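Text of target_26.txt, listed as compact mmCIF, N, CA and C atoms:
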# COMPACT_ATOMS: atom_id res chain seq x y z
N GLN A 295 0.84 -1.19 0.00
CA GLN A 295 0.00 0.00 0.00
C GLN A 295 0.88 1.24 0.00
N VAL A 296 0.54 2.18 -0.89
CA VAL A 296 1.32 3.40 -0.98
C VAL A 296 0.94 4.36 0.12
N GLN A 297 1.94 4.95 0.73
CA GLN A 297 1.71 5.99 1.73
C GLN A 297 2.49 7.24 1.36
N LEU A 298 1.85 8.36 1.51
CA LEU A 298 2.46 9.65 1.21
C LEU A 298 2.31 10.52 2.44
N VAL A 299 3.41 11.03 2.95
CA VAL A 299 3.38 11.85 4.16
C VAL A 299 4.06 13.18 3.86
N GLU A 300 3.27 14.24 3.84
CA GLU A 300 3.77 15.56 3.55
C GLU A 300 4.14 16.30 4.85
N SER A 301 5.13 17.16 4.75
CA SER A 301 5.54 17.96 5.90
C SER A 301 6.23 19.22 5.42
N GLY A 302 6.43 20.15 6.35
CA GLY A 302 7.20 21.34 6.03
C GLY A 302 6.39 22.61 5.86
N GLY A 303 5.09 22.50 5.93
CA GLY A 303 4.26 23.69 5.79
C GLY A 303 4.36 24.59 7.01
N GLY A 304 3.70 25.72 6.92
CA GLY A 304 3.71 26.65 8.04
C GLY A 304 3.19 28.01 7.64
N LEU A 305 3.36 28.95 8.54
CA LEU A 305 2.95 30.33 8.32
C LEU A 305 4.19 31.15 7.96
N VAL A 306 4.10 31.88 6.87
CA VAL A 306 5.24 32.67 6.41
C VAL A 306 4.73 33.99 5.85
N GLN A 307 5.54 35.01 5.93
CA GLN A 307 5.17 36.29 5.36
C GLN A 307 5.39 36.28 3.85
N ALA A 308 4.67 37.12 3.17
CA ALA A 308 4.85 37.27 1.74
C ALA A 308 6.31 37.57 1.43
N GLY A 309 6.82 36.90 0.40
CA GLY A 309 8.22 37.04 0.04
C GLY A 309 9.12 36.00 0.67
N GLY A 310 8.58 35.25 1.62
CA GLY A 310 9.37 34.25 2.31
C GLY A 310 9.47 32.94 1.54
N SER A 311 10.10 31.96 2.16
CA SER A 311 10.36 30.68 1.51
C SER A 311 10.01 29.53 2.45
N LEU A 312 9.67 28.41 1.85
CA LEU A 312 9.45 27.16 2.57
C LEU A 312 9.93 26.01 1.70
N ARG A 313 10.28 24.90 2.34
CA ARG A 313 10.56 23.69 1.61
C ARG A 313 9.67 22.58 2.15
N LEU A 314 8.87 22.04 1.28
CA LEU A 314 7.98 20.93 1.63
C LEU A 314 8.67 19.61 1.31
N SER A 315 8.35 18.60 2.11
CA SER A 315 8.88 17.26 1.88
C SER A 315 7.73 16.27 1.79
N CYS A 316 7.92 15.24 1.00
CA CYS A 316 6.94 14.17 0.85
C CYS A 316 7.68 12.85 0.92
N ALA A 317 7.45 12.13 2.00
CA ALA A 317 8.03 10.80 2.15
C ALA A 317 7.11 9.79 1.48
N VAL A 318 7.68 9.00 0.59
CA VAL A 318 6.90 8.07 -0.22
C VAL A 318 7.27 6.64 0.11
N SER A 319 6.29 5.84 0.41
CA SER A 319 6.54 4.41 0.56
C SER A 319 5.65 3.67 -0.42
N GLY A 320 6.09 2.52 -0.88
CA GLY A 320 5.32 1.78 -1.85
C GLY A 320 6.03 1.72 -3.18
N THR A 321 5.35 1.26 -4.21
CA THR A 321 6.02 0.97 -5.48
C THR A 321 5.92 2.09 -6.49
N ILE A 322 5.13 3.13 -6.23
CA ILE A 322 4.92 4.11 -7.30
C ILE A 322 6.13 5.00 -7.53
N PHE A 323 6.95 5.15 -6.49
CA PHE A 323 7.98 6.18 -6.59
C PHE A 323 8.93 5.93 -7.74
N SER A 324 9.28 4.69 -7.98
CA SER A 324 10.31 4.41 -8.97
C SER A 324 9.78 4.36 -10.40
N ILE A 325 8.47 4.35 -10.59
CA ILE A 325 7.96 4.17 -11.94
C ILE A 325 7.09 5.31 -12.44
N ASN A 326 6.69 6.19 -11.60
CA ASN A 326 5.77 7.24 -12.02
C ASN A 326 6.39 8.62 -11.89
N ALA A 327 5.81 9.53 -12.59
CA ALA A 327 6.09 10.93 -12.33
C ALA A 327 5.43 11.28 -11.01
N MET A 328 6.07 12.17 -10.27
CA MET A 328 5.53 12.62 -8.99
C MET A 328 5.22 14.11 -9.09
N GLY A 329 4.26 14.53 -8.33
CA GLY A 329 3.88 15.93 -8.39
C GLY A 329 3.43 16.49 -7.06
N TRP A 330 3.38 17.78 -7.00
CA TRP A 330 2.82 18.51 -5.88
C TRP A 330 1.53 19.18 -6.34
N TYR A 331 0.51 19.00 -5.55
CA TYR A 331 -0.79 19.59 -5.80
C TYR A 331 -1.12 20.53 -4.65
N ARG A 332 -2.06 21.43 -4.87
CA ARG A 332 -2.53 22.27 -3.78
C ARG A 332 -4.02 22.53 -3.92
N GLN A 333 -4.63 22.76 -2.78
CA GLN A 333 -6.06 23.07 -2.77
C GLN A 333 -6.29 24.23 -1.81
N ALA A 334 -6.72 25.32 -2.38
CA ALA A 334 -7.06 26.50 -1.60
C ALA A 334 -8.53 26.43 -1.20
N PRO A 335 -8.92 27.13 -0.15
CA PRO A 335 -10.33 27.10 0.29
C PRO A 335 -11.27 27.49 -0.83
N GLY A 336 -12.28 26.66 -1.06
CA GLY A 336 -13.27 26.96 -2.08
C GLY A 336 -12.83 26.71 -3.50
N LYS A 337 -11.64 26.15 -3.68
CA LYS A 337 -11.13 25.91 -5.03
C LYS A 337 -10.83 24.44 -5.24
N GLN A 338 -10.72 24.06 -6.50
CA GLN A 338 -10.37 22.68 -6.82
C GLN A 338 -8.88 22.44 -6.61
N ARG A 339 -8.56 21.20 -6.35
CA ARG A 339 -7.16 20.83 -6.22
C ARG A 339 -6.48 20.98 -7.58
N GLU A 340 -5.28 21.54 -7.58
CA GLU A 340 -4.56 21.76 -8.83
C GLU A 340 -3.13 21.25 -8.73
N LEU A 341 -2.62 20.81 -9.85
CA LEU A 341 -1.23 20.37 -9.94
C LEU A 341 -0.35 21.60 -10.15
N VAL A 342 0.63 21.80 -9.29
CA VAL A 342 1.49 22.97 -9.43
C VAL A 342 2.89 22.62 -9.91
N ALA A 343 3.36 21.40 -9.68
CA ALA A 343 4.70 21.03 -10.11
C ALA A 343 4.78 19.52 -10.27
N SER A 344 5.53 19.08 -11.26
CA SER A 344 5.70 17.64 -11.46
C SER A 344 7.09 17.35 -11.95
N MET A 345 7.54 16.13 -11.68
CA MET A 345 8.85 15.71 -12.14
C MET A 345 8.76 14.26 -12.60
N ARG A 346 9.16 14.02 -13.83
CA ARG A 346 9.19 12.66 -14.35
C ARG A 346 10.43 11.95 -13.81
N ILE A 347 10.42 10.65 -13.89
CA ILE A 347 11.53 9.88 -13.35
C ILE A 347 12.84 10.23 -14.04
N GLY A 348 12.77 10.71 -15.27
CA GLY A 348 13.99 11.11 -15.98
C GLY A 348 14.47 12.50 -15.62
N GLY A 349 13.70 13.21 -14.82
CA GLY A 349 14.12 14.52 -14.35
C GLY A 349 13.41 15.70 -14.99
N ASP A 350 12.60 15.47 -16.03
CA ASP A 350 11.86 16.57 -16.65
C ASP A 350 10.86 17.15 -15.66
N THR A 351 10.79 18.46 -15.63
CA THR A 351 9.88 19.13 -14.69
C THR A 351 8.89 20.01 -15.45
N LYS A 352 7.73 20.19 -14.82
CA LYS A 352 6.71 21.10 -15.34
C LYS A 352 6.12 21.86 -14.18
N TYR A 353 5.72 23.11 -14.45
CA TYR A 353 5.17 23.96 -13.41
C TYR A 353 3.94 24.68 -13.93
N ALA A 354 3.01 24.92 -13.02
CA ALA A 354 1.89 25.78 -13.35
C ALA A 354 2.41 27.19 -13.57
N ASP A 355 1.76 27.92 -14.44
CA ASP A 355 2.21 29.28 -14.74
C ASP A 355 2.28 30.14 -13.48
N SER A 356 1.39 29.90 -12.55
CA SER A 356 1.31 30.73 -11.35
C SER A 356 2.52 30.58 -10.42
N VAL A 357 3.27 29.49 -10.58
CA VAL A 357 4.41 29.27 -9.68
C VAL A 357 5.73 29.20 -10.43
N LYS A 358 5.68 29.27 -11.74
CA LYS A 358 6.89 29.14 -12.55
C LYS A 358 7.90 30.22 -12.16
N GLY A 359 9.14 29.79 -11.95
CA GLY A 359 10.19 30.72 -11.56
C GLY A 359 10.32 30.92 -10.06
N ARG A 360 9.31 30.44 -9.30
CA ARG A 360 9.34 30.60 -7.84
C ARG A 360 9.44 29.27 -7.12
N PHE A 361 8.86 28.23 -7.68
CA PHE A 361 8.84 26.90 -7.06
C PHE A 361 9.79 25.97 -7.81
N ALA A 362 10.36 25.02 -7.08
CA ALA A 362 11.23 24.03 -7.70
C ALA A 362 10.97 22.66 -7.06
N ILE A 363 10.69 21.69 -7.89
CA ILE A 363 10.46 20.32 -7.42
C ILE A 363 11.74 19.52 -7.59
N SER A 364 11.99 18.66 -6.65
CA SER A 364 13.15 17.78 -6.75
C SER A 364 12.82 16.45 -6.05
N ARG A 365 13.62 15.47 -6.30
CA ARG A 365 13.38 14.17 -5.66
C ARG A 365 14.71 13.54 -5.29
N ASP A 366 14.72 12.83 -4.17
CA ASP A 366 15.88 12.10 -3.72
C ASP A 366 15.50 10.63 -3.75
N ASN A 367 15.94 9.92 -4.78
CA ASN A 367 15.55 8.53 -4.95
C ASN A 367 16.04 7.67 -3.79
N ALA A 368 17.19 7.98 -3.27
CA ALA A 368 17.74 7.17 -2.18
C ALA A 368 16.89 7.28 -0.93
N LYS A 369 16.25 8.42 -0.76
CA LYS A 369 15.43 8.64 0.43
C LYS A 369 13.94 8.48 0.15
N ASN A 370 13.60 8.17 -1.09
CA ASN A 370 12.18 8.07 -1.47
C ASN A 370 11.40 9.32 -1.03
N THR A 371 11.98 10.46 -1.33
CA THR A 371 11.39 11.72 -0.88
C THR A 371 11.32 12.70 -2.04
N VAL A 372 10.22 13.41 -2.10
CA VAL A 372 10.03 14.46 -3.08
C VAL A 372 9.96 15.79 -2.33
N TYR A 373 10.58 16.82 -2.89
CA TYR A 373 10.62 18.12 -2.25
C TYR A 373 9.97 19.18 -3.14
N LEU A 374 9.51 20.23 -2.48
CA LEU A 374 9.04 21.41 -3.21
C LEU A 374 9.62 22.63 -2.52
N ARG A 375 10.54 23.27 -3.19
CA ARG A 375 11.12 24.50 -2.68
C ARG A 375 10.26 25.65 -3.20
N MET A 376 9.78 26.48 -2.28
CA MET A 376 8.90 27.58 -2.65
C MET A 376 9.53 28.89 -2.21
N ASN A 377 9.83 29.73 -3.16
CA ASN A 377 10.42 31.04 -2.89
C ASN A 377 9.45 32.15 -3.27
N ASP A 378 9.70 33.34 -2.74
CA ASP A 378 8.88 34.50 -3.06
C ASP A 378 7.39 34.18 -2.92
N LEU A 379 7.04 33.63 -1.80
CA LEU A 379 5.66 33.21 -1.59
C LEU A 379 4.70 34.39 -1.57
N LYS A 380 3.50 34.15 -2.08
CA LYS A 380 2.47 35.17 -2.17
C LYS A 380 1.23 34.71 -1.40
N PRO A 381 0.40 35.64 -0.96
CA PRO A 381 -0.82 35.23 -0.25
C PRO A 381 -1.66 34.24 -1.05
N GLU A 382 -1.65 34.34 -2.37
CA GLU A 382 -2.45 33.42 -3.18
C GLU A 382 -1.86 32.02 -3.23
N ASP A 383 -0.68 31.82 -2.65
CA ASP A 383 -0.12 30.46 -2.54
C ASP A 383 -0.68 29.73 -1.32
N THR A 384 -1.45 30.42 -0.50
CA THR A 384 -2.04 29.79 0.68
C THR A 384 -2.95 28.64 0.26
N ALA A 385 -2.67 27.46 0.80
CA ALA A 385 -3.40 26.25 0.42
C ALA A 385 -2.88 25.08 1.24
N VAL A 386 -3.58 23.97 1.14
CA VAL A 386 -3.04 22.71 1.63
C VAL A 386 -2.31 22.06 0.45
N TYR A 387 -1.09 21.65 0.69
CA TYR A 387 -0.25 21.08 -0.35
C TYR A 387 -0.15 19.57 -0.16
N TYR A 388 -0.30 18.86 -1.27
CA TYR A 388 -0.26 17.41 -1.27
C TYR A 388 0.73 16.93 -2.33
N CYS A 389 1.30 15.76 -2.11
CA CYS A 389 2.05 15.11 -3.17
C CYS A 389 1.30 13.86 -3.61
N ASN A 390 1.55 13.45 -4.81
CA ASN A 390 0.94 12.24 -5.36
C ASN A 390 1.61 11.97 -6.68
N SER A 391 1.30 10.85 -7.26
CA SER A 391 1.82 10.56 -8.60
C SER A 391 1.09 11.43 -9.61
N VAL A 392 1.61 11.46 -10.83
CA VAL A 392 0.98 12.18 -11.93
C VAL A 392 0.79 11.19 -13.07
N PRO A 393 -0.43 10.85 -13.47
CA PRO A 393 -1.68 11.28 -12.84
C PRO A 393 -1.82 10.72 -11.43
N TYR A 394 -2.69 11.34 -10.65
CA TYR A 394 -2.73 10.97 -9.23
C TYR A 394 -3.41 9.63 -9.03
N ASP A 395 -3.02 9.02 -7.92
CA ASP A 395 -3.64 7.78 -7.44
C ASP A 395 -4.64 8.20 -6.37
N TYR A 396 -5.90 8.02 -6.66
CA TYR A 396 -6.95 8.52 -5.76
C TYR A 396 -6.80 7.96 -4.35
N ALA A 397 -6.39 6.70 -4.26
CA ALA A 397 -6.31 6.04 -2.95
C ALA A 397 -5.08 6.45 -2.16
N SER A 398 -4.20 7.26 -2.74
CA SER A 398 -2.93 7.55 -2.09
C SER A 398 -2.83 8.95 -1.50
N TRP A 399 -3.89 9.72 -1.56
CA TRP A 399 -3.79 11.07 -1.00
C TRP A 399 -3.46 11.02 0.48
N GLY A 400 -2.49 11.84 0.88
CA GLY A 400 -2.15 11.96 2.28
C GLY A 400 -2.93 13.08 2.93
N GLN A 401 -2.49 13.49 4.10
CA GLN A 401 -3.18 14.55 4.84
C GLN A 401 -2.82 15.93 4.33
N GLY A 402 -1.73 16.03 3.63
CA GLY A 402 -1.30 17.33 3.14
C GLY A 402 -0.61 18.14 4.23
N THR A 403 -0.08 19.27 3.82
CA THR A 403 0.56 20.18 4.76
C THR A 403 0.09 21.60 4.45
N GLN A 404 -0.31 22.32 5.47
CA GLN A 404 -0.89 23.65 5.29
C GLN A 404 0.21 24.69 5.10
N VAL A 405 0.05 25.48 4.07
CA VAL A 405 0.92 26.64 3.83
C VAL A 405 0.05 27.89 3.89
N THR A 406 0.41 28.80 4.77
CA THR A 406 -0.32 30.05 4.90
C THR A 406 0.65 31.20 4.72
N VAL A 407 0.34 32.07 3.77
CA VAL A 407 1.20 33.21 3.46
C VAL A 407 0.46 34.49 3.84
N SER A 408 1.03 35.23 4.76
CA SER A 408 0.40 36.47 5.20
C SER A 408 0.94 37.65 4.40
N SER A 409 0.08 38.63 4.20
CA SER A 409 0.49 39.80 3.41
C SER A 409 1.12 40.87 4.29
Mind turning the file's structure into structure tokens?
Amino acid sequence: QVQLVESGGGLVQAGGSLRLSCAVSGTIFSINAMGWYRQAPGKQRELVASMRIGGDTKYADSVKGRFAISRDNAKNTVYLRMNDLKPEDTAVYYCNSVPYDYASWGQGTQVTVSS
């Protein structure tokens, strides 16, 4: 059974930085693209960053140039470095495969950016 455990969220002022971590257990990590998703209050969950196993990355336009996804295969961990955070980045952040595995959603980690 795949387990995804996100951490690293918190409260930060606009312009600040955070690094999120996602510990992955199970078989998906080595064969799938992994991504970071977020869900803001009243909005649908959206994919903001993804990384294929070969290292190719993609970003939503809203975070391009500010966020960076990376993965450490030895640690089965996916990271999301977030710089120059904006109030509109406030959301619960989740990791999952791309496309996502419905049964694998974790609890997420809350990111709150104050203005």
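The nearest approach to Ser391 in chain A among the residues A:Asn326, A:Ser315, A:Thr403, A:Gly320, with all atoms listed in the file taken into account, belongs to A:Asn326.
Note that CA of Thr351 in chain A and CA of Ser408 in chain A are 28.0 Å apart.
Here CA of Leu312 in chain A and atom C of Leu374 in chain A stand 6.8 Å from one another.
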*asked:* For a test of reading the model, state the distance in Å between CA of Met345 in chain A and CA of Tyr373 in chain A, rounded to one decimal.
replied: 10.3 Å
*Exercise: residues within 8 Å of coordinate (-1.0, 21.4, -14.0), counting all atoms listed in the file, as a PyMOL selection string*: chain A and resi 340-344+352-355
*asked:* Which residue is closest to Arg360 in chain A? Choose from A:Gln401, A:Gly304, A:Leu314, A:Arg375 and count only C-alpha atoms.
replied: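 Closest to Arg360 in chain A, using only C-alpha atoms: A:Arg375.
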_Using only N, CA and C atoms, which protein or nucleic acid residues come within 6.5 Å of Gln307 in chain A? Drop anything in the same chain fewer than 6 positions from it, and give the result as a PyMOL selection string._
chain A and resi 379+406-409
Write out the residues from the selection above, keeping N, CA and C atoms, as a PDB file, in the coordinates of the input.
ATOM      1  N   LEU A 379       7.040  33.630  -1.800  1.00  0.00           N
ATOM      2  CA  LEU A 379       5.660  33.210  -1.590  1.00  0.00           C
ATOM      3  C   LEU A 379       4.700  34.390  -1.570  1.00  0.00           C
ATOM      4  N   THR A 406       0.410  28.800   4.770  1.00  0.00           N
ATOM      5  CA  THR A 406      -0.320  30.050   4.900  1.00  0.00           C
ATOM      6  C   THR A 406       0.650  31.200   4.720  1.00  0.00           C
ATOM      7  N   VAL A 407       0.340  32.070   3.770  1.00  0.00           N
ATOM      8  CA  VAL A 407       1.200  33.210   3.460  1.00  0.00           C
ATOM      9  C   VAL A 407       0.460  34.490   3.840  1.00  0.00           C
ATOM     10  N   SER A 408       1.030  35.230   4.760  1.00  0.00           N
ATOM     11  CA  SER A 408       0.400  36.470   5.200  1.00  0.00           C
ATOM     12  C   SER A 408       0.940  37.650   4.400  1.00  0.00           C
ATOM     13  N   SER A 409       0.080  38.630   4.200  1.00  0.00           N
ATOM     14  CA  SER A 409       0.490  39.800   3.410  1.00  0.00           C
ATOM     15  C   SER A 409       1.120  40.870   4.290  1.00  0.00           C
TER      16      SER A 409
END
